[in-house]
Amino acid sequence: MLSSIPLLVVSFILFNLGLAGMFGDGPGGDPWQTELFSFQMMSGGVFSMTLGMLMIVIALLLFFVEIVKSTRTSNASVLDHLLSTFVFVAFLVEFLLVRGAAHPVFFVLMVIALIDVLAGFSVSLRSAGRDISIN
């Protein structure tokens with residue numbers, strides 16, 4: 001049952017914790033622009049990681065695990081897809097109704113959740129089609 005919980009809800013919760021001020025205020029009051037670290041590259045450029053970019057990287061890693069989970073063919077996968085759809089709907093509703101969610105980082109997280117829903121159903125249909133044997 002615990003494996004049916006969509007992992008992208010973690011990024012949803014983390015973003016909302018940031019909106020609540022749990023990560024402090026960044027430059028201009030935007031916590032997602034807070035620079036976590038930076039270092040000089042051999043090319044002479046400077047690489048810097050912001051909190052918002054770290055959120056996107058975490059969401060992409062969770063998305064990968066979700067895609068691997070969608071290859072299961074069991075009754076639990078139906079519940080997993082349903083819950084992933086609810087997570088996307090929560091992202092969409094918050095994006096449309098909450099002022100702080102009108103942010104590029106939140107938009108990218110919402111698109112990742114949408115691709116999770118679409119890819120999850122597609123992968124499940126493809127793998128379920130291979131499990132059917134007709135005699």
# chains A, B, ... in the order shown; residues from 1 in each chain; ligands from 1
call {"tool": "residues_around", "arguments": {"residues": "Val117 in chain A", "least_positions_apart": "6", "cutoff": "10 Å", "atoms": "only C-alpha atoms", "output": "JSON, numbers by chain"}}
result
{"A": [66, 67, 70, 80, 81, 82, 83, 84, 85, 86, 87, 88, 111]}
call {"tool": "select_by_dssp", "arguments": {"residues": "chain A", "states": "alpha helix (DSSP H)", "output": "number ranges by chain"}}
result
A: 9-19, 51-69, 75-97, 104-131
call {"tool": "residues_around", "arguments": {"residues": "range 2-14 of chain A", "least_positions_apart": "6", "cutoff": "10 Å", "atoms": "only C-alpha atoms", "output": "NGL selection string"}}
result
:A and (20 or 22-23 or 55-56 or 58-66 or 69-70 or 76-88 or 90-91 or 94 or 106 or 109-110 or 112-113 or 116)
call {"tool": "select_by_dssp", "arguments": {"residues": "chain A", "states": "strand (DSSP E)", "output": "VMD selection string"}}
result
chain A and resid 35 to 40 46 to 50
call {"tool": "write_last_selection", "arguments": {"atoms": "N, CA and C atoms", "output": "JSON list (two decimals), in the first residue's frame"}}
result
[["chain", "number", "residue", "atom", "x", "y", "z"],
["A", 35, "GLU", "N", 20.87, 30.92, -3.39],
["A", 35, "GLU", "CA", 21.99, 30.16, -3.92],
["A", 35, "GLU", "C", 22.52, 29.23, -2.84],
["A", 36, "LEU", "N", 22.55, 27.93, -3.16],
["A", 36, "LEU", "CA", 23.04, 26.94, -2.20],
["A", 36, "LEU", "C", 24.55, 26.82, -2.25],
["A", 37, "PHE", "N", 25.09, 26.75, -3.46],
["A", 37, "PHE", "CA", 26.54, 26.70, -3.62],
["A", 37, "PHE", "C", 26.88, 27.13, -5.04],
["A", 38, "SER", "N", 28.13, 27.49, -5.23],
["A", 38, "SER", "CA", 28.62, 27.80, -6.56],
["A", 38, "SER", "C", 30.11, 27.50, -6.60],
["A", 39, "PHE", "N", 30.59, 27.18, -7.79],
["A", 39, "PHE", "CA", 32.03, 26.96, -7.93],
["A", 39, "PHE", "C", 32.47, 27.29, -9.35],
["A", 40, "GLN", "N", 33.75, 27.60, -9.45],
["A", 40, "GLN", "CA", 34.37, 27.98, -10.72],
["A", 40, "GLN", "C", 34.60, 26.72, -11.55],
["A", 46, "VAL", "N", 30.96, 30.11, -14.06],
["A", 46, "VAL", "CA", 30.61, 29.83, -12.67],
["A", 46, "VAL", "C", 29.31, 29.04, -12.64],
["A", 47, "PHE", "N", 29.34, 27.88, -12.01],
["A", 47, "PHE", "CA", 28.14, 27.07, -11.82],
["A", 47, "PHE", "C", 27.56, 27.38, -10.45],
["A", 48, "SER", "N", 26.28, 27.71, -10.42],
["A", 48, "SER", "CA", 25.64, 27.94, -9.12],
["A", 48, "SER", "C", 24.33, 27.16, -9.08],
["A", 49, "MET", "N", 24.06, 26.57, -7.93],
["A", 49, "MET", "CA", 22.84, 25.79, -7.71],
["A", 49, "MET", "C", 21.94, 26.57, -6.78],
["A", 50, "THR", "N", 20.72, 26.86, -7.27],
["A", 50, "THR", "CA", 19.74, 27.55, -6.44],
["A", 50, "THR", "C", 18.79, 26.52, -5.83]]
call {"tool": "atom_distance", "arguments": {"atom1": "CA of Asp30 in chain A", "atom2": "CA of Val108 in chain A"}}
result
16.3 Å
call {"tool": "closest_residue", "arguments": {"among": "A:Val89, A:Phe95, A:Arg72, A:Ala101", "to": "Val123 in chain A", "atoms": "only C-alpha atoms"}}
result
A:Arg72
